[in-house]
Structure formats: structure tokens, C-alpha cells
>>> print(open('structure07.cif').read())   # mmCIF, C-alpha atoms and all ligand atoms; chains and numbers go by the auth columns
data_target
#
loop_
_atom_site.group_PDB
_atom_site.id
_atom_site.type_symbol
_atom_site.label_atom_id
_atom_site.label_comp_id
_atom_site.label_asym_id
_atom_site.label_seq_id
_atom_site.Cartn_x
_atom_site.Cartn_y
_atom_site.Cartn_z
_atom_site.B_iso_or_equiv
_atom_site.auth_seq_id
_atom_site.auth_asym_id
ATOM 1 C CA MET A 1 -156.334 130.661 83.486 0.00 1 S
ATOM 2 C CA THR A 2 -159.217 131.389 81.096 0.00 2 S
ATOM 3 C CA SER A 3 -162.666 129.881 81.303 0.00 3 S
ATOM 4 C CA PHE A 4 -161.777 127.758 78.271 0.00 4 S
ATOM 5 C CA ASP A 5 -158.712 126.437 80.138 0.00 5 S
ATOM 6 C CA GLU A 6 -160.976 125.490 83.046 0.00 6 S
ATOM 7 C CA ARG A 7 -163.530 123.798 80.786 0.00 7 S
ATOM 8 C CA ALA A 8 -161.082 121.968 78.517 0.00 8 S
ATOM 9 C CA ALA A 9 -160.898 118.680 80.443 0.00 9 S
ATOM 10 C CA THR A 10 -164.685 118.293 80.463 0.00 10 S
ATOM 11 C CA TRP A 11 -165.405 120.005 77.115 0.00 11 S
ATOM 12 C CA ASP A 12 -166.178 116.834 75.206 0.00 12 S
ATOM 13 C CA ASP A 13 -169.698 115.642 75.928 0.00 13 S
ATOM 14 C CA PRO A 14 -172.390 114.014 73.794 0.00 14 S
ATOM 15 C CA MET A 15 -173.994 117.360 72.880 0.00 15 S
ATOM 16 C CA LYS A 16 -170.747 118.943 71.642 0.00 16 S
ATOM 17 C CA THR A 17 -169.687 115.754 69.885 0.00 17 S
ATOM 18 C CA GLU A 18 -173.037 115.609 68.079 0.00 18 S
ATOM 19 C CA ARG A 19 -172.738 119.314 67.210 0.00 19 S
ATOM 20 C CA ALA A 20 -169.256 118.777 65.765 0.00 20 S
ATOM 21 C CA ALA A 21 -170.536 115.841 63.702 0.00 21 S
ATOM 22 C CA ARG A 22 -173.379 117.994 62.378 0.00 22 S
ATOM 23 C CA VAL A 23 -171.035 120.873 61.486 0.00 23 S
ATOM 24 C CA ALA A 24 -168.658 118.431 59.752 0.00 24 S
ATOM 25 C CA ARG A 25 -171.566 116.983 57.761 0.00 25 S
ATOM 26 C CA VAL A 26 -172.728 120.426 56.601 0.00 26 S
ATOM 27 C CA ILE A 27 -169.127 121.375 55.710 0.00 27 S
ATOM 28 C CA GLY A 28 -168.924 118.178 53.642 0.00 28 S
ATOM 29 C CA GLU A 29 -172.074 119.222 51.772 0.00 29 S
ATOM 30 C CA ALA A 30 -170.679 122.702 51.111 0.00 30 S
ATOM 31 C CA VAL A 31 -167.017 122.335 50.103 0.00 31 S
ATOM 32 C CA PRO A 32 -164.861 119.673 48.442 0.00 32 S
ATOM 33 C CA LEU A 33 -163.080 117.390 50.915 0.00 33 S
ATOM 34 C CA SER A 34 -160.344 114.864 50.139 0.00 34 S
ATOM 35 C CA PRO A 35 -157.296 113.327 51.836 0.00 35 S
ATOM 36 C CA SER A 36 -155.128 115.892 50.029 0.00 36 S
ATOM 37 C CA VAL A 37 -156.921 118.886 51.587 0.00 37 S
ATOM 38 C CA ARG A 38 -154.647 120.732 54.037 0.00 38 S
ATOM 39 C CA LEU A 39 -156.865 121.910 56.915 0.00 39 S
ATOM 40 C CA LEU A 40 -156.421 124.663 59.482 0.00 40 S
ATOM 41 C CA GLU A 41 -159.017 124.506 62.244 0.00 41 S
ATOM 42 C CA TYR A 42 -158.916 127.842 64.065 0.00 42 S
ATOM 43 C CA GLY A 43 -160.229 128.037 67.623 0.00 43 S
ATOM 44 C CA ALA A 44 -160.292 124.258 67.475 0.00 44 S
ATOM 45 C CA GLY A 45 -160.982 123.723 71.181 0.00 45 S
ATOM 46 C CA THR A 46 -160.427 120.018 71.778 0.00 46 S
ATOM 47 C CA GLY A 47 -160.424 119.290 68.035 0.00 47 S
ATOM 48 C CA LEU A 48 -163.923 117.789 67.888 0.00 48 S
ATOM 49 C CA VAL A 49 -164.706 119.121 64.394 0.00 49 S
ATOM 50 C CA THR A 50 -161.398 117.871 62.969 0.00 50 S
ATOM 51 C CA GLN A 51 -162.124 114.510 64.618 0.00 51 S
ATOM 52 C CA ALA A 52 -165.531 114.451 62.942 0.00 52 S
ATOM 53 C CA LEU A 53 -164.025 115.305 59.537 0.00 53 S
ATOM 54 C CA GLY A 54 -161.816 112.250 60.041 0.00 54 S
ATOM 55 C CA ASP A 55 -160.223 110.745 56.951 0.00 55 S
ATOM 56 C CA ARG A 56 -162.170 113.054 54.639 0.00 56 S
ATOM 57 C CA ILE A 57 -159.344 115.606 55.056 0.00 57 S
ATOM 58 C CA GLY A 58 -155.541 115.523 54.879 0.00 58 S
ATOM 59 C CA PRO A 59 -152.786 117.169 56.936 0.00 59 S
ATOM 60 C CA VAL A 60 -154.176 119.292 59.752 0.00 60 S
ATOM 61 C CA ALA A 61 -153.080 122.181 61.959 0.00 61 S
ATOM 62 C CA LEU A 62 -155.205 122.997 65.012 0.00 62 S
ATOM 63 C CA ALA A 63 -154.907 126.476 66.504 0.00 63 S
ATOM 64 C CA ASP A 64 -156.277 127.652 69.842 0.00 64 S
ATOM 65 C CA THR A 65 -155.341 130.358 72.335 0.00 65 S
ATOM 66 C CA SER A 66 -156.295 128.207 75.358 0.00 66 S
ATOM 67 C CA SER A 67 -153.419 126.146 76.741 0.00 67 S
ATOM 68 C CA GLY A 68 -155.964 123.828 78.360 0.00 68 S
ATOM 69 C CA MET A 69 -157.626 123.127 75.020 0.00 69 S
ATOM 70 C CA ARG A 70 -154.235 122.601 73.373 0.00 70 S
ATOM 71 C CA GLY A 71 -153.323 120.159 76.153 0.00 71 S
ATOM 72 C CA VAL A 72 -156.442 118.073 75.464 0.00 72 S
ATOM 73 C CA MET A 73 -155.633 118.082 71.729 0.00 73 S
ATOM 74 C CA ALA A 74 -152.051 116.981 72.462 0.00 74 S
ATOM 75 C CA GLU A 75 -153.404 114.041 74.496 0.00 75 S
ATOM 76 C CA LYS A 76 -155.691 113.138 71.594 0.00 76 S
ATOM 77 C CA VAL A 77 -152.724 113.170 69.211 0.00 77 S
ATOM 78 C CA ALA A 78 -150.790 110.931 71.619 0.00 78 S
ATOM 79 C CA THR A 79 -153.660 108.452 71.880 0.00 79 S
ATOM 80 C CA GLY A 80 -154.517 108.438 68.175 0.00 80 S
ATOM 81 C CA THR A 81 -157.875 110.227 68.485 0.00 81 S
ATOM 82 C CA LEU A 82 -156.396 113.017 66.376 0.00 82 S
ATOM 83 C CA PRO A 83 -153.893 112.281 63.566 0.00 83 S
ATOM 84 C CA ALA A 84 -150.327 111.578 64.684 0.00 84 S
ATOM 85 C CA ASP A 85 -148.993 114.277 62.349 0.00 85 S
ATOM 86 C CA ALA A 86 -151.479 116.970 63.509 0.00 86 S
ATOM 87 C CA ARG A 87 -149.753 120.225 64.460 0.00 87 S
ATOM 88 C CA ILE A 88 -151.077 122.212 67.423 0.00 88 S
ATOM 89 C CA TRP A 89 -150.541 125.941 67.293 0.00 89 S
ATOM 90 C CA ALA A 90 -150.731 128.566 70.035 0.00 90 S
ATOM 91 C CA VAL A 91 -151.506 131.432 67.711 0.00 91 S
ATOM 92 C CA ASP A 92 -153.900 134.361 68.023 0.00 92 S
ATOM 93 C CA LEU A 93 -154.443 135.713 64.526 0.00 93 S
ATOM 94 C CA SER A 94 -156.109 138.824 65.941 0.00 94 S
ATOM 95 C CA THR A 95 -152.671 139.940 67.197 0.00 95 S
ATOM 96 C CA ASP A 96 -150.017 137.584 65.773 0.00 96 S
ATOM 97 C CA PRO A 97 -148.809 137.452 62.168 0.00 97 S
ATOM 98 C CA PRO A 98 -150.011 134.353 60.294 0.00 98 S
ATOM 99 C CA PRO A 99 -147.538 131.449 60.392 0.00 99 S
ATOM 100 C CA ASP A 100 -145.594 130.801 57.178 0.00 100 S
ATOM 101 C CA ASP A 101 -147.770 127.943 55.955 0.00 101 S
ATOM 102 C CA ARG A 102 -150.449 127.260 53.332 0.00 102 S
ATOM 103 C CA PHE A 103 -153.825 125.557 53.485 0.00 103 S
ATOM 104 C CA ASP A 104 -156.702 124.512 51.228 0.00 104 S
ATOM 105 C CA LEU A 105 -159.388 124.797 53.904 0.00 105 S
ATOM 106 C CA VAL A 106 -159.831 126.931 57.015 0.00 106 S
ATOM 107 C CA VAL A 107 -162.598 125.879 59.410 0.00 107 S
ATOM 108 C CA THR A 108 -163.613 127.896 62.454 0.00 108 S
ATOM 109 C CA VAL A 109 -166.537 126.920 64.675 0.00 109 S
ATOM 110 C CA LEU A 110 -168.125 129.083 67.400 0.00 110 S
ATOM 111 C CA THR A 111 -164.853 131.020 67.725 0.00 111 S
ATOM 112 C CA LEU A 112 -165.207 134.236 65.716 0.00 112 S
ATOM 113 C CA HIS A 113 -167.936 135.584 68.012 0.00 113 S
ATOM 114 C CA HIS A 114 -165.253 135.694 70.744 0.00 114 S
ATOM 115 C CA ILE A 115 -163.024 138.004 68.686 0.00 115 S
ATOM 116 C CA PRO A 116 -164.119 141.664 68.713 0.00 116 S
ATOM 117 C CA ASP A 117 -162.094 142.801 65.670 0.00 117 S
ATOM 118 C CA LEU A 118 -162.445 140.227 62.922 0.00 118 S
ATOM 119 C CA ALA A 119 -160.548 142.123 60.217 0.00 119 S
ATOM 120 C CA PRO A 120 -157.016 140.876 61.053 0.00 120 S
ATOM 121 C CA VAL A 121 -158.246 137.323 61.555 0.00 121 S
ATOM 122 C CA LEU A 122 -160.115 137.212 58.242 0.00 122 S
ATOM 123 C CA ALA A 123 -157.090 138.760 56.485 0.00 123 S
ATOM 124 C CA ALA A 124 -154.883 136.072 58.038 0.00 124 S
ATOM 125 C CA PHE A 125 -157.251 133.350 56.800 0.00 125 S
ATOM 126 C CA ALA A 126 -156.955 134.808 53.289 0.00 126 S
ATOM 127 C CA ALA A 127 -153.134 134.896 53.609 0.00 127 S
ATOM 128 C CA LEU A 128 -153.006 131.280 54.797 0.00 128 S
ATOM 129 C CA LEU A 129 -155.235 129.894 52.024 0.00 129 S
ATOM 130 C CA ASP A 130 -154.006 129.139 48.538 0.00 130 S
ATOM 131 C CA ASP A 131 -156.040 130.699 45.729 0.00 131 S
ATOM 132 C CA GLY A 132 -159.228 128.661 45.382 0.00 132 S
ATOM 133 C CA GLY A 133 -159.038 127.501 48.991 0.00 133 S
ATOM 134 C CA HIS A 134 -162.192 127.475 51.089 0.00 134 S
ATOM 135 C CA LEU A 135 -163.165 129.229 54.311 0.00 135 S
ATOM 136 C CA CYS A 136 -165.892 127.680 56.490 0.00 136 S
ATOM 137 C CA VAL A 137 -167.253 129.713 59.393 0.00 137 S
ATOM 138 C CA ALA A 138 -169.847 128.033 61.613 0.00 138 S
ATOM 139 C CA ASP A 139 -171.219 130.364 64.247 0.00 139 S
ATOM 140 C CA LEU A 140 -174.303 131.774 65.907 0.00 140 S
ATOM 141 C CA GLU A 141 -176.979 133.763 64.138 0.00 141 S
ATOM 142 C CA SER A 142 -177.605 137.182 65.699 0.00 142 S
ATOM 143 C CA GLU A 143 -178.859 136.711 69.250 0.00 143 S
ATOM 144 C CA ASP A 144 -179.995 138.973 72.085 0.00 144 S
ATOM 145 C CA GLY A 145 -176.814 138.672 74.157 0.00 145 S
ATOM 146 C CA SER A 146 -178.189 135.972 76.414 0.00 146 S
ATOM 147 C CA PHE A 147 -175.825 133.325 75.009 0.00 147 S
ATOM 148 C CA HIS A 148 -172.902 134.679 77.053 0.00 148 S
ATOM 149 C CA GLY A 149 -174.724 137.130 79.314 0.00 149 S
ATOM 150 C CA GLU A 150 -173.405 140.346 80.836 0.00 150 S
ATOM 151 C CA GLY A 151 -169.739 141.258 80.643 0.00 151 S
ATOM 152 C CA PHE A 152 -169.119 139.507 77.320 0.00 152 S
ATOM 153 C CA HIS A 153 -167.181 141.694 74.899 0.00 153 S
ATOM 154 C CA GLY A 154 -167.507 139.636 71.728 0.00 154 S
ATOM 155 C CA HIS A 155 -170.303 139.474 69.150 0.00 155 S
ATOM 156 C CA HIS A 156 -173.907 138.582 69.932 0.00 156 S
ATOM 157 C CA GLY A 157 -173.897 136.196 67.003 0.00 157 S
ATOM 158 C CA PHE A 158 -173.651 137.589 63.486 0.00 158 S
ATOM 159 C CA ASP A 159 -175.918 139.270 61.008 0.00 159 S
ATOM 160 C CA ARG A 160 -175.381 137.258 57.812 0.00 160 S
ATOM 161 C CA ALA A 161 -175.093 140.234 55.460 0.00 161 S
ATOM 162 C CA GLU A 162 -172.669 142.116 57.720 0.00 162 S
ATOM 163 C CA LEU A 163 -170.428 139.080 58.171 0.00 163 S
ATOM 164 C CA ALA A 164 -170.504 138.363 54.423 0.00 164 S
ATOM 165 C CA ALA A 165 -169.348 141.911 53.693 0.00 165 S
ATOM 166 C CA GLN A 166 -166.447 141.532 56.137 0.00 166 S
ATOM 167 C CA ILE A 167 -165.375 138.174 54.684 0.00 167 S
ATOM 168 C CA GLU A 168 -165.551 139.462 51.112 0.00 168 S
ATOM 169 C CA ALA A 169 -163.572 142.607 52.059 0.00 169 S
ATOM 170 C CA ALA A 170 -160.790 140.344 53.380 0.00 170 S
ATOM 171 C CA GLY A 171 -160.188 138.814 49.945 0.00 171 S
ATOM 172 C CA PHE A 172 -162.881 136.188 49.467 0.00 172 S
ATOM 173 C CA GLY A 173 -165.497 135.655 46.769 0.00 173 S
ATOM 174 C CA PRO A 174 -169.253 135.712 47.426 0.00 174 S
ATOM 175 C CA VAL A 175 -170.252 134.154 50.748 0.00 175 S
ATOM 176 C CA GLU A 176 -172.863 131.392 50.809 0.00 176 S
ATOM 177 C CA PHE A 177 -174.866 130.553 53.920 0.00 177 S
ATOM 178 C CA ARG A 178 -176.472 127.338 55.060 0.00 178 S
ATOM 179 C CA ASP A 179 -178.436 126.576 58.207 0.00 179 S
ATOM 180 C CA CYS A 180 -176.298 124.505 60.565 0.00 180 S
ATOM 181 C CA GLY A 181 -178.594 123.371 63.363 0.00 181 S
ATOM 182 C CA SER A 182 -178.575 125.068 66.729 0.00 182 S
ATOM 183 C CA VAL A 183 -177.125 125.168 70.210 0.00 183 S
ATOM 184 C CA GLU A 184 -179.799 123.994 72.629 0.00 184 S
ATOM 185 C CA ARG A 185 -179.695 125.503 76.110 0.00 185 S
ATOM 186 C CA PRO A 186 -182.171 125.347 78.989 0.00 186 S
ATOM 187 C CA ASP A 187 -182.743 129.093 78.409 0.00 187 S
ATOM 188 C CA GLY A 188 -183.323 128.832 74.691 0.00 188 S
ATOM 189 C CA THR A 189 -182.344 127.726 71.215 0.00 189 S
ATOM 190 C CA TYR A 190 -179.513 129.501 69.405 0.00 190 S
ATOM 191 C CA PRO A 191 -179.502 128.789 65.658 0.00 191 S
ATOM 192 C CA MET A 192 -176.180 128.372 63.846 0.00 192 S
ATOM 193 C CA PHE A 193 -175.155 129.050 60.249 0.00 193 S
ATOM 194 C CA LEU A 194 -172.325 127.801 58.084 0.00 194 S
ATOM 195 C CA ALA A 195 -170.787 130.528 55.897 0.00 195 S
ATOM 196 C CA THR A 196 -168.505 129.405 53.067 0.00 196 S
ATOM 197 C CA ALA A 197 -166.369 131.427 50.692 0.00 197 S
ATOM 198 C CA VAL A 198 -163.558 130.827 48.212 0.00 198 S
ATOM 199 C CA ARG A 199 -160.210 132.643 48.473 0.00 199 S
ATOM 200 C CA ALA A 200 -160.334 134.997 45.496 0.00 200 S
HETATM 201 C C1 LIG B . -166.836 127.973 71.942 0.00 1 T
HETATM 202 S S1 LIG B . -165.211 127.295 71.842 0.00 1 T
HETATM 203 C C2 LIG B . -165.389 126.292 70.388 0.00 1 T
HETATM 204 C C3 LIG B . -164.377 125.195 70.338 0.00 1 T
HETATM 205 C C4 LIG B . -164.533 124.262 69.139 0.00 1 T
HETATM 206 N N1 LIG B . -164.451 124.997 67.894 0.00 1 T
HETATM 207 C C5 LIG B . -165.831 123.497 69.198 0.00 1 T
HETATM 208 O O1 LIG B . -166.689 123.720 68.337 0.00 1 T
HETATM 209 O O2 LIG B . -165.980 122.634 70.087 0.00 1 T
HETATM 210 C C6 LIG B . -164.233 128.673 71.261 0.00 1 T
HETATM 211 C C7 LIG B . -162.746 128.344 71.188 0.00 1 T
HETATM 212 O O3 LIG B . -162.083 129.469 70.596 0.00 1 T
HETATM 213 C C8 LIG B . -160.857 129.685 71.290 0.00 1 T
HETATM 214 N N2 LIG B . -160.501 131.080 71.071 0.00 1 T
HETATM 215 C C9 LIG B . -161.042 132.191 71.624 0.00 1 T
HETATM 216 N N3 LIG B . -160.453 133.296 71.157 0.00 1 T
HETATM 217 C C10 LIG B . -159.527 132.878 70.257 0.00 1 T
HETATM 218 C C11 LIG B . -158.604 133.548 69.405 0.00 1 T
HETATM 219 N N4 LIG B . -158.492 134.878 69.404 0.00 1 T
HETATM 220 N N5 LIG B . -157.806 132.807 68.610 0.00 1 T
HETATM 221 C C12 LIG B . -157.898 131.445 68.621 0.00 1 T
HETATM 222 N N6 LIG B . -158.743 130.750 69.393 0.00 1 T
HETATM 223 C C13 LIG B . -159.550 131.463 70.205 0.00 1 T
HETATM 224 C C14 LIG B . -161.156 129.312 72.719 0.00 1 T
HETATM 225 O O4 LIG B . -159.996 129.020 73.448 0.00 1 T
HETATM 226 C C15 LIG B . -162.073 128.104 72.526 0.00 1 T
HETATM 227 O O5 LIG B . -161.344 126.900 72.483 0.00 1 T
#
>>> encode(input="structure07.cif", output="C-alpha cells", more="lines below")
Ligand SMILES: C[S@@+](CC[C@H](N)C(=O)[O-])C[C@H]1O[C@@H](n2cnc3c(N)ncnc32)[C@H](O)[C@@H]1O
Amino acid sequence: MTSFDERAATWDDPMKTERAARVARVIGEAVPLSPSVRLLEYGAGTGLVTQALGDRIGPVALADTSSGMRGVMAEKVATGTLPADARIWAVDLSTDPPPDDRFDLVVTVLTLHHIPDLAPVLAAFAALLDDGGHLCVADLESEDGSFHGEGFHGHHGFDRAELAAQIEAAGFGPVEFRDCGSVERPDGTYPMFLATAVRA
């Protein structure tokens, strides 16, 4: 059982719900949304960001490697909190081939910093998006490692220019950045960005 499995049942709280609403609002300011937009949310957790996007988007697939998180999303589908036709995927694009499907929008929030080698994941996003589709990455700005503490093997946030170069190398056009609020912790404030790019 991973720490995300253990935290899934109590993941949703007012702070995370407000954060998801904020991220969804900034995404709505950055990329076109409509009920015909096919969305993949990658590392969706309990699906809070998809919930916040609501009827501004169309058919949705929610991917997460945590069975606990997927279980919470399945309950939300059953109770109507997430759309009845939402698909829930157990896929890890850092190791698995991308599913044979196509999307107009890929959203990933506070997930990429958990994945040491981003290249296969970004390439999979490019493969899953139709030409002209949009990628939205909301994550932490570079931080001093205190966000996860010792023993964490992911990224200590991201340097904007370095992440932009990686996204563009995976088959995307120029990356634009917006400020996207912050994660507030007793030990400090961790600013977030939203990076957007179009599948070239
Ligand atoms: C910090 S949580 C964010 C969850 C959600 N995006 C949110 O904003 O509430 C990171 C999520 O990424 C998932 N995750 C971690 N590594 C992953 C990977 N390689 N592929 C897909 N999901 C992953 C975790 O299971 C977890 O649900």
C-alpha cells in the first residue's frame, strides 16, 4: 500500500477542494474549454480537478497509479459526483505504453514532481493528444526539498525554463506559464504554476 492509498479516503478536504477549484479556474483562463473537449486527467487522485471543471469539459478519463485513489473516484462515479461515463485508468505512463485513445486536453496537477523521468510521460501526453490539443501542467515552483522532506526521489518542484524545454522536446509548441496560487503548509508557502502548451 502506498502513502497515496492510505490517504485516499481522507484526501478531500476544504483546502484541496479550494486548490482544485483555483487550478480549474486558471486552466479555464488559459485554454479553450467546451462540452466537446475530451479530457485526460493524469495523476487525478480523487478527481477533484475534474470535478471542479464540471460541465465545462466533455468525456473524461482519469488515470492514477494508486488503487486507493481509483477506488474513491469509482465511488464518486457511482454517486454522481463524477460523470457516469468517466473512465478510470490504472496506467503509469512512465512505464506503460499509452492507451489507444485520443484527447483534446491533458491536465496533470501536482503529479509530475513524483515522476523522476518525465520524458516518457510527456511523450505519452503528446501521443494521446490530437494535433492542436492542449497540455496543462500545474505543479510546484522550484523548492528547497522541504515539501516532501528526506527520502523523496522526485523533483523539488520545477524550474520553469527547464520544464518548458522538456515539454517542447516532447512535441509541444512554446510553453506559457501562469501563477497558480500556492500550497500553504505550517512550515511554509509553496507557490504553484500552470504551464500550458499546444500539441505541435
Ligand atoms: C499530490 S497527488 C495529486 C492528486 C490530484 N491531482 C490533486 O490535485 O488532488 C499526486 C497523485 O499522483 C499519483 N501518481 C504518482 N505517480 C504517478 C504516476 N507515475 N502515474 C500516475 N499517477 C501517479 C498519486 O497516486 C497521486 O494520486
>>> resolve_selection(input="structure07.cif", expression="the PyMOL selection byres (((not hetatm)) within 6 of (chain T and resi 1))", output="CSV table (one decimal) with C-alpha atoms, in the coordinates of the input")
chain,number,residue,atom,x,y,z
S,4,PHE,CA,-161.8,127.8,78.3
S,42,TYR,CA,-158.9,127.8,64.1
S,43,GLY,CA,-160.2,128.0,67.6
S,44,ALA,CA,-160.3,124.3,67.5
S,45,GLY,CA,-161.0,123.7,71.2
S,48,LEU,CA,-163.9,117.8,67.9
S,64,ASP,CA,-156.3,127.7,69.8
S,65,THR,CA,-155.3,130.4,72.3
S,66,SER,CA,-156.3,128.2,75.4
S,69,MET,CA,-157.6,123.1,75.0
S,92,ASP,CA,-153.9,134.4,68.0
S,94,SER,CA,-156.1,138.8,65.9
S,109,VAL,CA,-166.5,126.9,64.7
S,110,LEU,CA,-168.1,129.1,67.4
S,111,THR,CA,-164.9,131.0,67.7
S,114,HIS,CA,-165.3,135.7,70.7
S,115,ILE,CA,-163.0,138.0,68.7
>>> resolve_selection(input="structure07.cif", expression="the PyMOL selection byres (((chain S and resi 2) around 9) and not hetatm)", output="CSV table (one decimal) with C-alpha atoms, keeping the file's coordinate frame")
chain,number,residue,atom,x,y,z
S,1,MET,CA,-156.3,130.7,83.5
S,3,SER,CA,-162.7,129.9,81.3
S,4,PHE,CA,-161.8,127.8,78.3
S,5,ASP,CA,-158.7,126.4,80.1
S,6,GLU,CA,-161.0,125.5,83.0
S,7,ARG,CA,-163.5,123.8,80.8
S,66,SER,CA,-156.3,128.2,75.4
S,67,SER,CA,-153.4,126.1,76.7
S,68,GLY,CA,-156.0,123.8,78.4
>>> closest_residue(input="structure07.cif", among="S:Gly173, S:Pro98, S:Gly54, S:Gly47", to="Gly71 of chain S", atoms="only C-alpha atoms")
S:Gly47
>>> residues_around(input="structure07.cif", residues="Arg160 of chain S", least_positions_apart="4", cutoff="10 Å", atoms="all atoms listed in the file", output="list in words")
Leu140, Glu141, Ser142, Ala164, Ala165, Val175, Glu176, Phe177, Phe193, Leu194 and Ala195 of chain S
>>> resolve_selection(input="structure07.cif", expression="the PyMOL selection byres (((chain S and resi 196) around 9) and not hetatm)", output="ChimeraX atom specification")
/S:27,30-31,134-138,174-178,194-195,197-198
>>> residues_around(input="structure07.cif", residues="segment 180-186 of chain S", least_positions_apart="3", cutoff="9 Å", atoms="all atoms listed in the file", output="PyMOL selection string")
chain S and resi 15+19+22-23+26+138-140+147+189-194
>>> atom_distance(input="structure07.cif", atom1="atom CA of Arg70 of chain S", atom2="atom CA of Gly145 of chain S")
27.7 Å
>>> closest_residue(input="structure07.cif", among="S:Asp187, S:Arg25, S:Gly80, S:Ala169", to="His148 of chain S", atoms="all atoms listed in the file")
S:Asp187
>>> atom_distance(input="structure07.cif", atom1="atom CA of His113 of chain S", atom2="atom CA of His155 of chain S")
4.7 Å
>>> atom_distance(input="structure07.cif", atom1="atom CA of Val107 of chain S", atom2="atom CA of Thr50 of chain S")
8.8 Å
>>> closest_residue(input="structure07.cif", among="S:Leu163, S:Val37, S:Ala78, S:Val91", to="Pro59 of chain S", atoms="all atoms listed in the file")
S:Val37
>>> closest_residue(input="structure07.cif", among="S:Val72, S:Val60, S:Ile167, S:Ala86", to="Leu112 of chain S", atoms="all atoms listed in the file")
S:Ile167
>>> closest_residue(input="structure07.cif", among="S:Ala61, S:Ala24, S:Ala170, S:Ala90", to="Leu118 of chain S", atoms="all atoms listed in the file")
S:Ala170
>>> axis_aligned_box(input="structure07.cif", around="segment 194-200 of chain S", padding_each_side="6 Å", output="JSON")
{"center_x": -166.3, "center_y": 131.4, "center_z": 51.8, "size_x": 24.1, "size_y": 19.2, "size_z": 24.6}
>>> residues_around(input="structure07.cif", residues="Pro35 of chain S", least_positions_apart="6", cutoff="9 Å", atoms="all atoms listed in the file", output="mmCIF file with C-alpha atoms, keeping the file's coordinate frame")
data_model
loop_
_atom_site.group_PDB
_atom_site.id
_atom_site.type_symbol
_atom_site.label_atom_id
_atom_site.label_comp_id
_atom_site.auth_asym_id
_atom_site.auth_seq_id
_atom_site.Cartn_x
_atom_site.Cartn_y
_atom_site.Cartn_z
ATOM 1 C CA ASP S 55 -160.223 110.745 56.951
ATOM 2 C CA ARG S 56 -162.170 113.054 54.639
ATOM 3 C CA ILE S 57 -159.344 115.606 55.056
ATOM 4 C CA GLY S 58 -155.541 115.523 54.879
ATOM 5 C CA PRO S 59 -152.786 117.169 56.936
#
